[in-house]
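Student: The structure file model-v2.cif (mmCIF, N, CA and C atoms) is provided below.
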data_start
#
loop_
_atom_site.label_atom_id
_atom_site.label_comp_id
_atom_site.auth_asym_id
_atom_site.auth_seq_id
_atom_site.Cartn_x
_atom_site.Cartn_y
_atom_site.Cartn_z
N MET G 11 163.97 17.87 71.66
CA MET G 11 164.63 16.60 71.48
C MET G 11 164.37 16.14 70.04
N ARG G 12 165.38 15.66 69.36
CA ARG G 12 165.22 15.27 67.97
C ARG G 12 164.71 13.85 67.86
N ASN G 13 164.00 13.58 66.78
CA ASN G 13 163.52 12.23 66.51
C ASN G 13 164.63 11.45 65.83
N ILE G 14 164.63 10.13 66.03
CA ILE G 14 165.57 9.26 65.34
C ILE G 14 164.78 8.33 64.44
N THR G 15 165.39 7.89 63.38
CA THR G 15 164.77 6.94 62.47
C THR G 15 165.56 5.66 62.54
N PHE G 16 164.86 4.55 62.72
CA PHE G 16 165.52 3.25 62.76
C PHE G 16 164.52 2.20 62.31
N SER G 17 165.03 1.03 62.00
CA SER G 17 164.18 -0.06 61.56
C SER G 17 164.16 -1.14 62.63
N SER G 18 162.97 -1.64 62.96
CA SER G 18 162.80 -2.71 63.93
C SER G 18 161.81 -3.70 63.34
N ALA G 19 162.25 -4.93 63.17
CA ALA G 19 161.41 -5.98 62.59
C ALA G 19 160.89 -5.56 61.22
N GLY G 20 161.74 -4.83 60.46
CA GLY G 20 161.37 -4.43 59.11
C GLY G 20 160.46 -3.22 59.02
N VAL G 21 160.18 -2.57 60.16
CA VAL G 21 159.29 -1.40 60.18
C VAL G 21 160.12 -0.16 60.47
N GLN G 22 159.94 0.89 59.65
CA GLN G 22 160.62 2.15 59.89
C GLN G 22 159.93 2.91 61.01
N ASN G 23 160.70 3.41 61.96
CA ASN G 23 160.16 4.16 63.09
C ASN G 23 160.77 5.55 63.13
N HIS G 24 159.98 6.52 63.53
CA HIS G 24 160.44 7.91 63.68
C HIS G 24 160.04 8.38 65.08
N CYS G 25 160.82 8.01 66.06
CA CYS G 25 160.49 8.29 67.46
C CYS G 25 161.70 8.88 68.17
N ARG G 26 161.48 9.38 69.37
CA ARG G 26 162.59 9.91 70.15
C ARG G 26 163.41 8.80 70.78
N ASP G 27 162.81 7.66 71.07
CA ASP G 27 163.50 6.55 71.72
C ASP G 27 163.39 5.31 70.84
N ARG G 28 164.36 4.42 70.98
CA ARG G 28 164.27 3.14 70.28
C ARG G 28 163.03 2.40 70.77
N ARG G 29 162.40 1.68 69.87
CA ARG G 29 161.18 0.96 70.18
C ARG G 29 161.43 -0.53 70.12
N LEU G 30 160.80 -1.27 71.00
CA LEU G 30 160.91 -2.72 71.02
C LEU G 30 159.60 -3.33 70.55
N SER G 31 159.69 -4.26 69.62
CA SER G 31 158.49 -4.95 69.17
C SER G 31 158.56 -6.44 69.47
N VAL G 32 159.74 -6.92 69.84
CA VAL G 32 159.91 -8.35 70.12
C VAL G 32 159.28 -8.73 71.45
N LEU G 33 159.59 -7.99 72.51
CA LEU G 33 159.00 -8.26 73.82
C LEU G 33 157.66 -7.54 73.90
N ARG G 34 156.59 -8.31 73.92
CA ARG G 34 155.25 -7.74 73.96
C ARG G 34 154.87 -7.39 75.39
N LEU G 35 154.27 -6.23 75.55
CA LEU G 35 153.75 -5.82 76.85
C LEU G 35 152.23 -5.76 76.78
N ASN G 36 151.59 -5.77 77.93
CA ASN G 36 150.15 -5.59 78.02
C ASN G 36 149.88 -4.21 78.58
N LEU G 37 148.85 -3.59 78.06
CA LEU G 37 148.42 -2.29 78.55
C LEU G 37 146.97 -2.41 78.96
N GLU G 38 146.65 -1.91 80.14
CA GLU G 38 145.26 -1.87 80.59
C GLU G 38 144.83 -0.42 80.68
N ALA G 39 143.74 -0.11 80.00
CA ALA G 39 143.18 1.24 80.02
C ALA G 39 141.66 1.12 80.14
N ASP G 40 141.09 1.81 81.08
CA ASP G 40 139.64 1.79 81.28
C ASP G 40 139.11 0.37 81.45
N GLY G 41 139.90 -0.51 82.09
CA GLY G 41 139.47 -1.87 82.35
C GLY G 41 139.59 -2.83 81.18
N VAL G 42 140.14 -2.37 80.06
CA VAL G 42 140.30 -3.20 78.87
C VAL G 42 141.79 -3.43 78.64
N GLU G 43 142.17 -4.67 78.27
CA GLU G 43 143.57 -5.00 78.01
C GLU G 43 143.88 -4.95 76.52
N TYR G 44 145.07 -4.44 76.20
CA TYR G 44 145.56 -4.33 74.83
C TYR G 44 146.97 -4.91 74.78
N ASN G 45 147.36 -5.43 73.62
CA ASN G 45 148.73 -5.92 73.41
C ASN G 45 149.54 -4.85 72.70
N SER G 46 150.81 -4.74 73.06
CA SER G 46 151.66 -3.75 72.44
C SER G 46 152.06 -4.17 71.03
N CYS G 47 152.19 -3.18 70.15
CA CYS G 47 152.81 -3.37 68.84
C CYS G 47 154.30 -3.13 69.01
N ASP G 48 154.61 -2.01 69.67
CA ASP G 48 155.98 -1.68 70.02
C ASP G 48 155.93 -0.69 71.18
N TRP G 49 157.08 -0.48 71.81
CA TRP G 49 157.14 0.39 72.98
C TRP G 49 158.58 0.81 73.23
N GLY G 50 158.75 1.82 74.03
CA GLY G 50 160.07 2.31 74.42
C GLY G 50 159.94 3.11 75.70
N LEU G 51 161.00 3.80 76.07
CA LEU G 51 160.97 4.58 77.30
C LEU G 51 160.00 5.76 77.23
N GLY G 52 159.66 6.16 76.00
CA GLY G 52 158.78 7.31 75.85
C GLY G 52 157.30 7.00 75.74
N GLY G 53 156.96 5.76 75.36
CA GLY G 53 155.55 5.46 75.19
C GLY G 53 155.33 4.08 74.63
N ILE G 54 154.08 3.83 74.22
CA ILE G 54 153.67 2.51 73.77
C ILE G 54 152.62 2.65 72.67
N ARG G 55 152.70 1.77 71.68
CA ARG G 55 151.68 1.69 70.63
C ARG G 55 151.00 0.34 70.79
N VAL G 56 149.66 0.34 70.80
CA VAL G 56 148.92 -0.89 71.06
C VAL G 56 147.99 -1.24 69.91
N GLU G 57 147.68 -2.53 69.85
CA GLU G 57 146.68 -3.03 68.91
C GLU G 57 145.31 -2.67 69.46
N GLY G 58 144.52 -2.01 68.68
CA GLY G 58 143.17 -1.66 69.10
C GLY G 58 143.00 -0.17 69.36
N LEU G 59 141.76 0.24 69.31
CA LEU G 59 141.41 1.63 69.59
C LEU G 59 140.86 1.71 71.00
N ILE G 60 141.39 2.63 71.78
CA ILE G 60 140.89 2.81 73.15
C ILE G 60 139.57 3.56 73.05
N GLN G 61 138.52 2.87 73.40
CA GLN G 61 137.16 3.40 73.21
C GLN G 61 136.88 4.65 74.05
N ASP G 62 136.08 5.51 73.48
CA ASP G 62 135.60 6.73 74.15
C ASP G 62 136.73 7.65 74.58
N ARG G 63 137.86 7.60 73.85
CA ARG G 63 138.99 8.49 74.13
C ARG G 63 139.36 9.21 72.85
N LYS G 64 139.96 10.39 73.01
CA LYS G 64 140.33 11.18 71.83
C LYS G 64 141.79 11.61 71.89
N LEU G 65 142.27 12.10 70.78
CA LEU G 65 143.65 12.57 70.65
C LEU G 65 143.96 13.64 71.70
N ASP G 66 145.14 13.59 72.27
CA ASP G 66 145.63 14.53 73.29
C ASP G 66 144.95 14.37 74.64
N GLU G 67 144.17 13.32 74.82
CA GLU G 67 143.53 13.07 76.10
C GLU G 67 144.46 12.26 76.99
N SER G 68 144.53 12.61 78.27
CA SER G 68 145.34 11.88 79.25
C SER G 68 144.47 10.87 79.98
N LEU G 69 145.08 9.73 80.32
CA LEU G 69 144.36 8.70 81.05
C LEU G 69 145.34 7.87 81.87
N ALA G 70 144.82 7.23 82.89
CA ALA G 70 145.63 6.34 83.73
C ALA G 70 145.71 4.99 83.04
N ILE G 71 146.94 4.42 82.98
CA ILE G 71 147.13 3.11 82.36
C ILE G 71 148.02 2.25 83.25
N LYS G 72 147.94 0.95 83.02
CA LYS G 72 148.86 -0.02 83.63
C LYS G 72 149.57 -0.72 82.48
N VAL G 73 150.88 -0.79 82.58
CA VAL G 73 151.68 -1.48 81.58
C VAL G 73 152.42 -2.60 82.30
N SER G 74 152.33 -3.81 81.77
CA SER G 74 152.97 -4.94 82.43
C SER G 74 153.61 -5.87 81.42
N GLY G 75 154.59 -6.62 81.92
CA GLY G 75 155.27 -7.60 81.09
C GLY G 75 156.10 -8.54 81.95
N VAL G 76 156.55 -9.61 81.34
CA VAL G 76 157.38 -10.60 82.03
C VAL G 76 158.71 -10.66 81.30
N ARG G 77 159.78 -10.56 82.07
CA ARG G 77 161.12 -10.67 81.50
C ARG G 77 161.95 -11.49 82.47
N LYS G 78 162.55 -12.56 81.98
CA LYS G 78 163.36 -13.46 82.78
C LYS G 78 162.61 -13.90 84.04
N GLU G 79 161.38 -14.37 83.82
CA GLU G 79 160.52 -14.90 84.88
C GLU G 79 160.17 -13.88 85.96
N GLN G 80 160.29 -12.61 85.64
CA GLN G 80 159.98 -11.54 86.58
C GLN G 80 158.81 -10.72 86.02
N PHE G 81 157.68 -10.68 86.75
CA PHE G 81 156.53 -9.90 86.33
C PHE G 81 156.73 -8.46 86.79
N LEU G 82 156.66 -7.53 85.84
CA LEU G 82 156.89 -6.11 86.15
C LEU G 82 155.70 -5.29 85.68
N ILE G 83 155.37 -4.27 86.45
CA ILE G 83 154.21 -3.44 86.12
C ILE G 83 154.48 -1.99 86.53
N ILE G 84 153.97 -1.07 85.71
CA ILE G 84 153.97 0.35 86.08
C ILE G 84 152.54 0.87 85.92
N GLU G 85 152.17 1.79 86.76
CA GLU G 85 150.88 2.48 86.67
C GLU G 85 151.21 3.95 86.51
N VAL G 86 150.86 4.51 85.35
CA VAL G 86 151.24 5.88 85.02
C VAL G 86 150.11 6.59 84.28
N MET G 87 150.28 7.88 84.14
CA MET G 87 149.42 8.66 83.27
C MET G 87 150.07 8.68 81.89
N ALA G 88 149.23 8.67 80.87
CA ALA G 88 149.73 8.71 79.49
C ALA G 88 148.79 9.58 78.66
N THR G 89 149.31 10.12 77.57
CA THR G 89 148.53 10.94 76.66
C THR G 89 148.45 10.25 75.31
N ILE G 90 147.27 10.22 74.74
CA ILE G 90 147.09 9.63 73.41
C ILE G 90 147.68 10.60 72.39
N VAL G 91 148.66 10.12 71.63
CA VAL G 91 149.33 10.97 70.65
C VAL G 91 148.99 10.61 69.21
N ARG G 92 148.42 9.42 68.99
CA ARG G 92 148.04 9.03 67.64
C ARG G 92 146.94 7.98 67.72
N ILE G 93 145.93 8.15 66.89
CA ILE G 93 144.86 7.16 66.75
C ILE G 93 144.82 6.81 65.27
N ASN G 94 145.11 5.56 64.95
CA ASN G 94 145.10 5.11 63.56
C ASN G 94 143.90 4.18 63.38
N GLU G 95 142.81 4.76 62.91
CA GLU G 95 141.58 3.98 62.76
C GLU G 95 141.70 2.92 61.68
N GLU G 96 142.46 3.22 60.63
CA GLU G 96 142.62 2.27 59.53
C GLU G 96 143.32 0.99 60.01
N ASP G 97 144.42 1.14 60.76
CA ASP G 97 145.16 -0.02 61.27
C ASP G 97 144.67 -0.46 62.65
N GLU G 98 143.71 0.27 63.21
CA GLU G 98 143.18 0.00 64.54
C GLU G 98 144.30 -0.08 65.58
N GLU G 99 145.03 1.02 65.70
CA GLU G 99 146.13 1.15 66.66
C GLU G 99 146.03 2.49 67.39
N THR G 100 146.48 2.49 68.63
CA THR G 100 146.53 3.71 69.43
C THR G 100 147.94 3.85 69.99
N ALA G 101 148.51 5.05 69.88
CA ALA G 101 149.84 5.32 70.43
C ALA G 101 149.70 6.29 71.59
N LEU G 102 150.44 5.99 72.67
CA LEU G 102 150.39 6.82 73.87
C LEU G 102 151.79 7.21 74.30
N ARG G 103 151.91 8.42 74.83
CA ARG G 103 153.16 8.91 75.40
C ARG G 103 153.05 8.85 76.91
N PHE G 104 154.07 8.28 77.56
CA PHE G 104 154.08 8.25 79.02
C PHE G 104 154.29 9.67 79.54
N ASP G 105 153.54 10.04 80.57
CA ASP G 105 153.66 11.37 81.18
C ASP G 105 154.37 11.25 82.52
N ASP G 106 155.38 12.04 82.74
CA ASP G 106 156.03 12.19 84.05
C ASP G 106 156.38 10.86 84.72
N LEU G 107 157.18 10.05 84.05
CA LEU G 107 157.63 8.79 84.65
C LEU G 107 158.53 9.07 85.85
N THR G 108 158.35 8.29 86.90
CA THR G 108 159.22 8.39 88.07
C THR G 108 160.51 7.61 87.80
N ALA G 109 161.48 7.77 88.66
CA ALA G 109 162.73 7.01 88.53
C ALA G 109 162.44 5.51 88.64
N GLU G 110 161.50 5.14 89.49
CA GLU G 110 161.14 3.73 89.63
C GLU G 110 160.48 3.19 88.36
N ASP G 111 159.60 3.99 87.75
CA ASP G 111 158.98 3.59 86.49
C ASP G 111 160.03 3.36 85.41
N LEU G 112 160.99 4.28 85.32
CA LEU G 112 162.08 4.13 84.34
C LEU G 112 162.92 2.90 84.61
N ASP G 113 163.19 2.63 85.88
CA ASP G 113 163.94 1.41 86.25
C ASP G 113 163.21 0.16 85.77
N ILE G 114 161.89 0.14 85.94
CA ILE G 114 161.11 -1.02 85.53
C ILE G 114 161.13 -1.17 84.01
N LEU G 115 160.94 -0.07 83.29
CA LEU G 115 161.00 -0.15 81.82
C LEU G 115 162.38 -0.58 81.34
N GLU G 116 163.43 -0.06 81.96
CA GLU G 116 164.79 -0.47 81.59
C GLU G 116 165.03 -1.94 81.90
N ALA G 117 164.47 -2.43 83.00
CA ALA G 117 164.59 -3.85 83.33
C ALA G 117 163.88 -4.71 82.28
N LEU G 118 162.75 -4.24 81.77
CA LEU G 118 162.07 -4.96 80.71
C LEU G 118 162.89 -4.97 79.42
N ILE G 119 163.58 -3.87 79.15
CA ILE G 119 164.41 -3.79 77.95
C ILE G 119 165.64 -4.68 78.06
N THR G 120 166.32 -4.60 79.21
CA THR G 120 167.63 -5.27 79.35
C THR G 120 167.56 -6.66 79.96
N GLY G 121 166.47 -6.97 80.66
CA GLY G 121 166.39 -8.24 81.37
C GLY G 121 167.04 -8.20 82.74
N ARG G 122 167.47 -7.01 83.14
CA ARG G 122 168.08 -6.84 84.48
C ARG G 122 167.03 -7.12 85.55
N ARG G 123 167.42 -7.82 86.59
CA ARG G 123 166.49 -8.11 87.68
C ARG G 123 166.37 -6.91 88.61
N ILE G 124 165.17 -6.67 89.07
CA ILE G 124 164.93 -5.63 90.06
C ILE G 124 164.79 -6.30 91.41
N THR G 125 165.58 -5.85 92.37
CA THR G 125 165.51 -6.43 93.71
C THR G 125 164.87 -5.43 94.66
N ALA G 126 164.15 -5.95 95.61
CA ALA G 126 163.44 -5.07 96.56
C ALA G 126 164.37 -4.52 97.59
#
Starting from the coordinates I provided, produce the structure as structure tokens.

Tutor:
Amino acid sequence: MRNITFSSAGVQNHCRDRRLSVLRLNLEADGVEYNSCDWGLGGIRVEGLIQDRKLDESLAIKVSGVRKEQFLIIEVMATIVRINEEDEETALRFDDLTAEDLDILEALITGRRITA
């Protein structure tokens, strides 16, 4: 799959999917919460370094956000793909998202309501 280059909030991105930086999500890893810098269907970049973890390591995470008064959450496995110690950021790639996980992420992107 080829990478695309685009600008979001004045920042150049080189990712496979468009990234959102306006709608902030929360990520919980190892019991610690982090705020997103940007995110997309492929993964999430967060403020902070996930302690005691290394590059290419997989871990269970929870990603949550509120869109149009609807609280949405996914619990997935993710792999650390970049650790930027200088900027204190960690980037993770979502692993094996289910159709339901994708629906939730798309609802966060579009504001579409998910009904039970």

Student: Since I can't run it myself right now, could you work out what the PyMOL selection byres (((chain G and resi 61 and name CA) around 12) and name CA) selects here and report it as a PDB file with N, CA and C atoms, in the frame of the given file?

Tutor:
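In the end it all went to out23.pdb:
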ATOM      1  N   ALA G  39     143.740  -0.110  80.000  1.00  0.00           N
ATOM      2  CA  ALA G  39     143.180   1.240  80.020  1.00  0.00           C
ATOM      3  C   ALA G  39     141.660   1.120  80.140  1.00  0.00           C
ATOM      4  N   ASP G  40     141.090   1.810  81.080  1.00  0.00           N
ATOM      5  CA  ASP G  40     139.640   1.790  81.280  1.00  0.00           C
ATOM      6  C   ASP G  40     139.110   0.370  81.450  1.00  0.00           C
ATOM      7  N   GLY G  41     139.900  -0.510  82.090  1.00  0.00           N
ATOM      8  CA  GLY G  41     139.470  -1.870  82.350  1.00  0.00           C
ATOM      9  C   GLY G  41     139.590  -2.830  81.180  1.00  0.00           C
ATOM     10  N   VAL G  42     140.140  -2.370  80.060  1.00  0.00           N
ATOM     11  CA  VAL G  42     140.300  -3.200  78.870  1.00  0.00           C
ATOM     12  C   VAL G  42     141.790  -3.430  78.640  1.00  0.00           C
ATOM     13  N   GLU G  43     142.170  -4.670  78.270  1.00  0.00           N
ATOM     14  CA  GLU G  43     143.570  -5.000  78.010  1.00  0.00           C
ATOM     15  C   GLU G  43     143.880  -4.950  76.520  1.00  0.00           C
ATOM     16  N   TYR G  44     145.070  -4.440  76.200  1.00  0.00           N
ATOM     17  CA  TYR G  44     145.560  -4.330  74.830  1.00  0.00           C
ATOM     18  C   TYR G  44     146.970  -4.910  74.780  1.00  0.00           C
ATOM     19  N   GLY G  58     144.520  -2.010  68.680  1.00  0.00           N
ATOM     20  CA  GLY G  58     143.170  -1.660  69.100  1.00  0.00           C
ATOM     21  C   GLY G  58     143.000  -0.170  69.360  1.00  0.00           C
ATOM     22  N   LEU G  59     141.760   0.240  69.310  1.00  0.00           N
ATOM     23  CA  LEU G  59     141.410   1.630  69.590  1.00  0.00           C
ATOM     24  C   LEU G  59     140.860   1.710  71.000  1.00  0.00           C
ATOM     25  N   ILE G  60     141.390   2.630  71.780  1.00  0.00           N
ATOM     26  CA  ILE G  60     140.890   2.810  73.150  1.00  0.00           C
ATOM     27  C   ILE G  60     139.570   3.560  73.050  1.00  0.00           C
ATOM     28  N   ASP G  62     136.080   5.510  73.480  1.00  0.00           N
ATOM     29  CA  ASP G  62     135.600   6.730  74.150  1.00  0.00           C
ATOM     30  C   ASP G  62     136.730   7.650  74.580  1.00  0.00           C
ATOM     31  N   ARG G  63     137.860   7.600  73.850  1.00  0.00           N
ATOM     32  CA  ARG G  63     138.990   8.490  74.130  1.00  0.00           C
ATOM     33  C   ARG G  63     139.360   9.210  72.850  1.00  0.00           C
ATOM     34  N   LYS G  64     139.960  10.390  73.010  1.00  0.00           N
ATOM     35  CA  LYS G  64     140.330  11.180  71.830  1.00  0.00           C
ATOM     36  C   LYS G  64     141.790  11.610  71.890  1.00  0.00           C
ATOM     37  N   LEU G  65     142.270  12.100  70.780  1.00  0.00           N
ATOM     38  CA  LEU G  65     143.650  12.570  70.650  1.00  0.00           C
ATOM     39  C   LEU G  65     143.960  13.640  71.700  1.00  0.00           C
ATOM     40  N   GLU G  67     144.170  13.320  74.820  1.00  0.00           N
ATOM     41  CA  GLU G  67     143.530  13.070  76.100  1.00  0.00           C
ATOM     42  C   GLU G  67     144.460  12.260  76.990  1.00  0.00           C
ATOM     43  N   LEU G  69     145.080   9.730  80.320  1.00  0.00           N
ATOM     44  CA  LEU G  69     144.360   8.700  81.050  1.00  0.00           C
ATOM     45  C   LEU G  69     145.340   7.870  81.870  1.00  0.00           C
ATOM     46  N   ILE G  90     147.270  10.220  74.740  1.00  0.00           N
ATOM     47  CA  ILE G  90     147.090   9.630  73.410  1.00  0.00           C
ATOM     48  C   ILE G  90     147.680  10.600  72.390  1.00  0.00           C
ATOM     49  N   ILE G  93     145.930   8.150  66.890  1.00  0.00           N
ATOM     50  CA  ILE G  93     144.860   7.160  66.750  1.00  0.00           C
ATOM     51  C   ILE G  93     144.820   6.810  65.270  1.00  0.00           C
ATOM     52  N   GLU G  95     142.810   4.760  62.910  1.00  0.00           N
ATOM     53  CA  GLU G  95     141.580   3.980  62.760  1.00  0.00           C
ATOM     54  C   GLU G  95     141.700   2.920  61.680  1.00  0.00           C
ATOM     55  N   GLU G  98     143.710   0.270  63.210  1.00  0.00           N
ATOM     56  CA  GLU G  98     143.180   0.000  64.540  1.00  0.00           C
ATOM     57  C   GLU G  98     144.300  -0.080  65.580  1.00  0.00           C
ATOM     58  N   GLU G  99     145.030   1.020  65.700  1.00  0.00           N
ATOM     59  CA  GLU G  99     146.130   1.150  66.660  1.00  0.00           C
ATOM     60  C   GLU G  99     146.030   2.490  67.390  1.00  0.00           C
ATOM     61  N   THR G 100     146.480   2.490  68.630  1.00  0.00           N
ATOM     62  CA  THR G 100     146.530   3.710  69.430  1.00  0.00           C
ATOM     63  C   THR G 100     147.940   3.850  69.990  1.00  0.00           C
TER      64      THR G 100
END

Student: Under the rule that only C-alpha atoms are counted, which of G:Ala88, G:Glu38, G:Ser31, G:Ser68 is the nearest residue to Leu107 of chain G?

Tutor: G:Ala88

Student: What is the atom N of Val76 of chain G to atom N of Asn36 of chain G distance in Å?

Tutor: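 So the answer is 7.1 Å.
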
Student: When DSSP is applied to the backbone of this structure, which of chain G are assigned helix (DSSP H, G or I)? Write them out as a PyMOL selection string.

Tutor: chain G and resi 109-120

Student: Pull the strand (DSSP E) assignments for segment 14-103 of chain G out of DSSP run on the backbone, and list those residues as a ChimeraX atom specification.

Tutor: /G:14-18,21-25,36-39,42-49,53-57,68-77,80-94,99-103

Student: If you apply the PyMOL selection byres (((chain G and resi 45 and name CA) around 8) and name CA) to this file, what residues do you get, as JSON, numbers by chain?

Tutor: {"G": [34, 35, 36, 37, 43, 44, 46, 47, 56, 57]}

Student: Restricting the calculation to only N, CA and C atoms, which member of G:Ala101, G:Arg123, G:Ala109, G:Leu118 is positioned closest to Ile54 of chain G?

Tutor: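 The shortest atom-to-atom distance to Ile54 of chain G comes from G:Ala101.
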
Student: Could you tell me how far atom N of Leu33 of chain G lies from atom N of Leu102 of chain G, in Å and to one decimal?

Tutor: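 Interatomic distance here is 16.7 Å.
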
Student: Give me the residues within 7 Å of segment 82-87 of chain G as a PyMOL selection string, counting only N, CA and C atoms and dropping any in the same chain fewer than 6 places off.

Tutor: chain G and resi 68-76+103-106+111+114

Student: Could you please determine the separation between atom CA of Arg92 of chain G and atom CA of Asp66 of chain G in Å, to one decimal place?

Tutor: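 Spanning atom CA of Arg92 of chain G to atom CA of Asp66 of chain G is a straight-line distance of 8.2 Å.
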
Student: Quick one: everything within 9 Å of Gly121 of chain G, counting only C-alpha atoms, minus sequence neighbours fewer than 4 positions away in the same chain. Send it as a ChimeraX atom specification.

Tutor: /G:77-78,80,116-117
